[in-house]
Structures are given as structure tokens and as C-alpha cells.
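Next up, start_22.txt (compact mmCIF, C-alpha atoms):
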```
# COMPACT_ATOMS: atom_id res chain seq x y z
CA GLU Q 1 116.65 94.53 191.30
CA ARG Q 2 117.30 96.43 188.10
CA ILE Q 3 114.29 97.12 185.92
CA GLY Q 4 115.00 97.65 182.23
CA PRO Q 5 113.23 97.32 178.91
CA LEU Q 6 111.71 93.96 178.27
CA PRO Q 7 113.69 91.82 175.80
CA LEU Q 8 112.15 91.60 172.35
CA ASN Q 9 110.70 88.32 171.24
CA ARG Q 10 112.86 88.10 168.11
CA PRO Q 11 110.78 85.68 165.98
CA ALA Q 12 107.60 87.63 166.77
CA PHE Q 13 109.34 90.93 165.94
CA ASP Q 14 110.56 89.51 162.62
CA ARG Q 15 107.06 88.27 161.81
CA LEU Q 16 105.71 91.77 162.43
CA ASN Q 17 108.36 93.22 160.11
CA ASP Q 18 107.57 90.59 157.49
CA LYS Q 19 103.87 91.41 157.60
CA ALA Q 20 104.53 95.15 157.39
CA LEU Q 21 106.83 94.68 154.38
CA GLU Q 22 104.44 92.31 152.65
CA ALA Q 23 101.58 94.78 153.18
CA SER Q 24 103.76 97.60 151.82
CA LEU Q 25 104.71 95.49 148.81
CA GLN Q 26 101.12 94.54 148.04
CA SER Q 27 99.89 98.12 148.39
CA SER Q 28 102.65 99.48 146.15
CA MET Q 29 101.68 97.02 143.43
CA GLY Q 30 98.23 98.63 143.27
CA LEU Q 31 99.21 102.29 143.22
CA HIS Q 32 97.38 103.54 140.17
CA GLU Q 33 97.26 107.08 141.50
CA LEU Q 34 100.85 107.64 140.35
CA GLU Q 35 99.71 107.47 136.75
CA GLU Q 36 99.09 110.74 135.01
CA VAL Q 37 95.57 111.34 133.67
CA ASP Q 38 95.51 110.31 130.01
CA PRO Q 39 94.56 113.40 127.94
CA SER Q 40 92.82 111.06 125.48
CA LEU Q 41 90.19 110.38 128.15
CA ALA Q 42 89.68 114.01 129.17
CA ASP Q 43 86.48 114.53 127.14
CA GLY Q 44 84.67 111.43 128.38
CA HIS Q 45 86.07 108.76 126.06
CA SER Q 46 86.90 105.29 127.36
CA ILE Q 47 89.53 102.93 125.99
CA PHE Q 48 87.95 100.23 123.83
CA TYR Q 49 91.19 98.78 122.42
CA GLU Q 50 94.92 99.45 122.76
CA ARG Q 51 97.65 97.39 121.12
CA GLU Q 52 100.74 97.61 118.93
CA VAL Q 53 100.02 96.59 115.34
CA PRO Q 54 102.45 96.17 112.41
CA PHE Q 55 101.82 98.96 109.87
CA GLU Q 56 103.35 99.58 106.50
CA LEU Q 57 104.12 103.31 106.37
CA ARG Q 58 104.10 105.07 103.01
CA SER Q 59 104.63 108.75 102.15
CA ALA Q 60 102.63 110.25 99.28
CA GLN Q 61 103.92 113.06 97.09
CA GLY Q 62 101.02 115.36 96.26
CA ASN Q 63 97.96 113.50 95.00
CA GLU Q 64 99.95 110.61 93.55
CA GLU Q 65 99.63 107.27 95.30
CA PRO Q 66 102.99 105.83 96.47
CA ARG Q 67 103.94 102.78 94.45
CA GLU Q 68 106.93 101.61 96.46
CA VAL Q 69 106.54 99.32 99.45
CA GLY Q 70 106.88 101.28 102.69
CA ALA Q 71 108.72 100.59 105.92
CA LEU Q 72 107.18 98.17 108.41
CA GLU Q 73 106.79 99.62 111.91
CA ALA Q 74 104.96 98.75 115.11
CA ILE Q 75 102.29 101.42 115.65
CA ARG Q 76 100.31 101.68 118.88
CA VAL Q 77 96.61 101.84 118.09
CA LYS Q 78 94.22 103.20 120.68
CA ILE Q 79 90.48 103.04 120.00
CA LEU Q 80 88.44 105.33 122.24
CA ALA Q 81 84.66 105.21 122.44
CA LEU Q 82 82.20 107.85 123.60
CA GLY Q 83 79.00 106.70 125.29
CA ASP Q 84 77.82 103.40 126.70
CA GLU Q 85 78.96 100.11 125.20
CA GLY Q 86 76.52 98.98 122.52
CA ALA Q 87 75.24 102.55 122.14
CA PHE Q 88 78.37 104.51 121.26
CA THR Q 89 77.84 108.02 119.95
CA GLY Q 90 81.41 108.70 118.85
CA LEU Q 91 84.67 106.93 118.12
CA ARG Q 92 88.27 108.10 117.99
CA VAL Q 93 91.30 106.16 116.79
CA GLU Q 94 94.76 107.41 117.81
CA LEU Q 95 98.00 106.21 116.23
CA THR Q 96 101.32 106.73 118.04
CA SER Q 97 104.84 105.41 117.69
CA GLU Q 98 107.48 104.61 120.29
CA SER Q 99 110.25 105.34 117.78
CA ASN Q 100 108.88 108.81 116.95
CA LEU Q 101 107.25 110.72 119.82
CA PHE Q 102 105.92 113.38 117.42
CA PHE Q 103 103.98 110.80 115.38
CA HIS Q 104 100.30 111.26 116.29
CA TYR Q 105 97.39 110.70 113.91
CA VAL Q 106 93.69 110.74 114.76
CA HIS Q 107 90.54 109.36 113.13
CA GLU Q 108 87.28 110.69 114.58
CA LEU Q 109 83.81 109.57 113.61
CA ASP Q 110 80.26 110.06 114.83
CA ILE Q 111 77.06 108.38 113.64
CA ALA Q 112 76.45 110.91 110.84
CA GLY Q 113 80.04 110.61 109.59
CA PHE Q 114 79.81 106.83 109.68
CA LYS Q 115 76.72 106.84 107.45
CA LYS Q 116 78.69 108.65 104.73
CA MET Q 117 81.55 106.20 105.15
CA GLN Q 118 79.11 103.28 105.11
CA GLN Q 119 77.63 104.40 101.78
CA GLY Q 120 80.99 105.20 100.21
CA GLN Q 121 82.54 101.82 101.07
CA ASN Q 122 79.39 99.65 100.95
CA LEU Q 123 79.84 98.53 104.54
CA MET Q 124 77.38 95.91 105.78
CA VAL Q 125 77.62 96.87 109.47
CA ASP Q 126 76.10 99.67 111.53
CA PHE Q 127 77.89 102.14 113.80
CA ALA Q 128 77.48 99.95 116.91
CA GLU Q 129 79.48 97.18 115.20
CA TYR Q 130 82.12 99.47 113.72
CA PRO Q 131 84.55 99.34 116.72
CA SER Q 132 84.50 95.53 116.67
CA VAL Q 133 85.14 95.52 112.92
CA MET Q 134 88.16 97.76 113.50
CA VAL Q 135 89.46 95.46 116.23
CA ARG Q 136 89.00 92.39 114.05
CA ASN Q 137 90.99 93.95 111.22
CA LEU Q 138 93.77 95.07 113.55
CA ASP Q 139 94.02 91.68 115.24
CA ASN Q 140 94.16 89.96 111.84
CA CYS Q 141 97.16 92.13 110.95
CA ILE Q 142 98.89 90.86 114.10
CA LYS Q 143 97.93 87.19 113.82
CA GLN Q 144 98.07 86.84 110.02
CA PRO Q 145 100.61 89.43 108.79
CA HIS Q 146 101.20 87.61 105.48
CA SER Q 147 97.57 87.78 104.43
CA HIS Q 148 96.28 90.89 106.25
CA LEU Q 149 98.00 94.25 105.87
CA ALA Q 150 97.54 97.68 107.43
CA VAL Q 151 98.92 100.35 105.10
CA LEU Q 152 99.14 103.95 106.31
CA VAL Q 153 99.55 106.48 103.49
CA MET Q 154 100.67 109.89 104.81
CA LYS Q 155 100.52 113.14 102.85
CA ARG Q 156 102.46 116.38 103.25
CA ASP Q 157 99.36 118.34 104.27
CA GLY Q 158 98.95 116.18 107.40
CA SER Q 159 96.14 114.03 106.08
CA ALA Q 160 96.49 110.25 106.00
CA ARG Q 161 94.58 107.15 105.02
CA LEU Q 162 94.71 103.75 106.67
CA ASP Q 163 93.85 100.84 104.38
CA PHE Q 164 93.16 97.33 105.63
CA ILE Q 165 94.04 94.95 102.80
CA GLN Q 166 93.70 91.21 102.46
CA ASN Q 167 96.06 89.23 100.25
CA MET Q 168 93.92 86.66 98.40
CA GLU Q 169 97.04 85.22 96.65
CA TYR Q 170 95.69 86.15 93.23
CA LYS Q 171 94.67 89.73 94.15
CA PHE Q 172 94.64 92.31 96.95
CA VAL Q 173 91.22 93.20 98.37
CA GLU Q 174 90.63 96.43 100.30
CA LEU Q 175 88.47 95.60 103.31
CA LEU Q 176 88.24 98.96 105.03
CA SER Q 177 89.69 102.43 104.63
CA ILE Q 178 89.66 105.25 107.20
CA ASP Q 179 90.81 108.87 107.00
CA LEU Q 180 93.10 110.38 109.60
CA LYS Q 181 94.68 113.73 110.37
CA ALA Q 182 98.01 114.57 111.98
CA SER Q 183 97.45 116.20 115.37
CA GLY Q 184 98.42 119.81 116.03
CA GLU Q 185 101.44 120.90 118.05
CA ASP Q 186 99.45 121.47 121.25
CA VAL Q 187 97.98 117.97 121.20
CA VAL Q 188 101.35 116.39 120.38
CA ARG Q 189 103.04 118.33 123.19
CA GLU Q 190 100.33 117.25 125.65
CA GLN Q 191 100.63 113.60 124.60
CA ILE Q 192 104.43 113.62 124.88
CA SER Q 193 104.20 115.20 128.34
CA TYR Q 194 101.72 112.53 129.44
CA ARG Q 195 103.83 109.65 128.11
CA TYR Q 196 107.00 111.05 129.70
CA ASN Q 197 105.38 111.58 133.11
CA ALA Q 198 103.63 108.20 133.02
CA LEU Q 199 106.93 106.46 132.23
CA LYS Q 200 108.74 108.40 134.98
CA ASN Q 201 106.03 107.46 137.49
CA ARG Q 202 106.17 103.81 136.49
CA MET Q 203 109.95 103.82 136.98
CA ALA Q 204 109.55 105.37 140.44
CA LEU Q 205 106.92 102.76 141.29
CA MET Q 206 109.17 99.91 140.13
CA GLN Q 207 112.11 101.29 142.16
CA ALA Q 208 109.87 101.41 145.24
CA ARG Q 209 108.77 97.82 144.63
CA LEU Q 210 112.39 96.73 144.22
CA ALA Q 211 113.32 98.35 147.53
CA ASP Q 212 110.43 96.53 149.25
CA VAL Q 213 111.46 93.21 147.70
CA ASN Q 214 115.08 93.73 148.75
CA ALA Q 215 114.01 94.46 152.34
CA LEU Q 216 111.74 91.41 152.42
CA VAL Q 217 114.35 89.03 151.00
CA LYS Q 218 117.04 90.48 153.29
CA ILE Q 219 114.97 89.51 156.34
CA LYS Q 220 113.78 86.12 155.14
CA ASN Q 221 116.78 84.91 153.15
CA PRO Q 222 119.90 87.16 153.28
CA SER Q 223 122.06 84.68 151.37
CA LEU Q 224 119.60 84.70 148.46
CA LEU Q 225 119.80 88.51 148.30
CA LEU Q 226 123.60 88.31 148.04
CA GLN Q 227 123.29 85.79 145.21
CA LEU Q 228 120.82 88.02 143.37
CA LYS Q 229 123.11 91.04 143.70
CA LYS Q 230 126.11 89.04 142.47
CA ALA Q 231 124.10 87.73 139.51
CA SER Q 232 122.97 91.24 138.57
CA LEU Q 233 126.56 92.56 138.75
CA SER Q 234 127.92 89.68 136.65
CA SER Q 235 125.30 90.37 133.95
CA LEU Q 236 126.54 93.95 133.50
CA PRO Q 237 128.77 94.52 130.42
```

What does the file become when written as C-alpha cells?
Amino acid sequence: ERIGPLPLNRPAFDRLNDKALEASLQSSMGLHELEEVDPSLADGHSIFYEREVPFELRSAQGNEEPREVGALEAIRVKILALGDEGAFTGLRVELTSESNLFFHYVHELDIAGFKKMQQGQNLMVDFAEYPSVMVRNLDNCIKQPHSHLAVLVMKRDGSARLDFIQNMEYKFVELLSIDLKASGEDVVREQISYRYNALKNRMALMQARLADVNALVKIKNPSLLLQLKKASLSSLP
């Protein structure tokens, strides 16, 4: 009697493949190690807030305030805090733009710097509340763009000022004003490198996920995979 390899139990073999693919798919969805280390966090800061906010961008000539209305652009605002929540010792605000990779402005403040700002603008909050005040103003610019404005005035020397303004219908009221500085070439180069590598890694991760999904659908429902491929081809110009 001939002895050969035992026949595979096909449904059981397919179930094993399904489980392996599903495990691979789930693990790939949680691969955070592909992300590059954000240089903004290198000195111990943690992200307190990150969101795109509509800004009106104005360019100032010398010391004269620009009178013309500027261009409206979505600016990514990242608020980074130093220290424990509720007992922050420092705050940094970074402004970047997806349409201009070399656009990078920073506002940095510690407790001593905030006290000067507090006196100069008659602010009724302390440093611990300052990050939340910033967030509230930024969110208002997103949710109520007709009544709350964020105006960024940029000067040739690299300095800038961000004004949060409320339209009261009969007058404009300045709620908060912060000073910023354009980042140096080394910082800009480091940030661009980080954003490029992070995007490249995300694309590689998504391609790996797509391959896992294709393999899973091919086993469980081959006809559906054919339909998906046909649909994707028909959507191409």
C-alpha cells in the first residue's frame, strides 16, 4: 500500500489562512513604529493641540500695518506643552502650511514671559489656563469664521504677530495677540525631512494594508475582489 502525504483538510486550511491574514491586517493597522520621531517633541514637549485653522495672512512693509485684507489659508497649528498637565512650565506654538513647506513660525513662552504678556494685554487668566484660552480662540475661528478671525501679520525681518479678533458687528475687538518668529533654515530643513519621511512611511503602511485586504478578500470572496478592481479601473481618467 502506497503511503503519501495526508490530504489537506481544505476548509480548515483556509480558516488557518484567514486567521493569519486577519492577524496580519490587525497588526499592520497598529504599526506606529514606522512613524518618524517628531522633532517638535525632541526636547520633552507633548502635543496639547493640533488642527488646521483658517488664517488670514498679511504681509507688512516695514513698521506700517497692512491695510488690505490678506489671503485666507488653512494653517496647521500645533500647541506643545512642557511639563505636567495643569502645571505647565513652557508652551510652544508652531504654525505650518501644507501649501508651503518652508512656512514655519514659532511662538514660545514660559511663565516669566507670560506675566509680561498678561500685563501688556490685561489678560484675566494665569499661565495654567493659557493653553486652553488659545485652543478656545482657535476653535472659534473654525466654528464661527464670520465672527472670529485669526490674522497673521508677517514682517520682512521674520517676526510675525497673530491676532485673534472678534467681529461684534459694530466694531472689531482684539481678544488676544501673540508674537512669533520664523524658524531658521536648520529647523525648517529638519521639519520638512520629518514630514516627508512620515508621509512616505504612511504610504508604505497603507500599501501593506491594501495588500493584506486584497489577500483576505481573494480567499473569502474572489468575485468581490474582481468587482473592486474593475470599479477602480473604471474610475481612472

Atom CA of Q:Ser132 to atom CA of Q:Pro145, straight-line distance in Å: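 Interatomic distance, atom CA of Q:Pro145 to atom CA of Q:Ser132: 18.9 Å.
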
Top pick for closest residue to Q:His45, considering Q:Ile219, Q:Val188, Q:Leu210, Q:Val93 and counting all atoms listed in the file: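 Distance minimum relative to Q:His45 lands on Q:Val93.
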
Local residues around (96.5, 118.6, 107.7), at most 8 Å away, using all atoms listed in the file, as JSON, numbers by chain: {"Q": [156, 157, 158, 159, 181, 182]}

Residue nearest Q:Val187 - candidates Q:Leu82, Q:Val106, Q:Ala60, Q:Ala208, atoms counted: all atoms listed in the file: Q:Val106

Each stretch 46-111 of chain Q residue no farther than 12 Å from stretch 121-127 of chain Q, nearest pair in Å, only C-alpha atoms, as CSV:
```
residue,atom,partner,partner_atom,distance
Q:Ala81,CA,Q:Phe127,CA,11.4
Q:Glu85,CA,Q:Phe127,CA,11.6
Q:Gly86,CA,Q:Phe127,CA,9.4
Q:Ala87,CA,Q:Phe127,CA,8.8
Q:Phe88,CA,Q:Phe127,CA,7.8
Q:Thr89,CA,Q:Phe127,CA,8.5
Q:Gly90,CA,Q:Phe127,CA,9.0
Q:Leu91,CA,Q:Phe127,CA,9.4
Q:Leu109,CA,Q:Phe127,CA,9.5
Q:Asp110,CA,Q:Phe127,CA,8.3
Q:Ile111,CA,Q:Phe127,CA,6.3
```

Distance query Q:Arg51 at most 10 Å, all atoms listed in the file, self and fewer than 6 positions along chain excluded, as a list in words: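 Counting all atoms listed in the file, the residues come to Ala74, Ile75, Arg76, Val77, Lys78, Ile79, Val135, Leu138, Asp139 and Ile142 of chain Q.
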
Residue with smallest distance to Q:Glu64 - pool Q:Leu199, Q:Met154, Q:Leu226, Q:Leu41, counting all atoms listed in the file: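 Of the candidates, the smallest distance to Q:Glu64 is held by Q:Met154.
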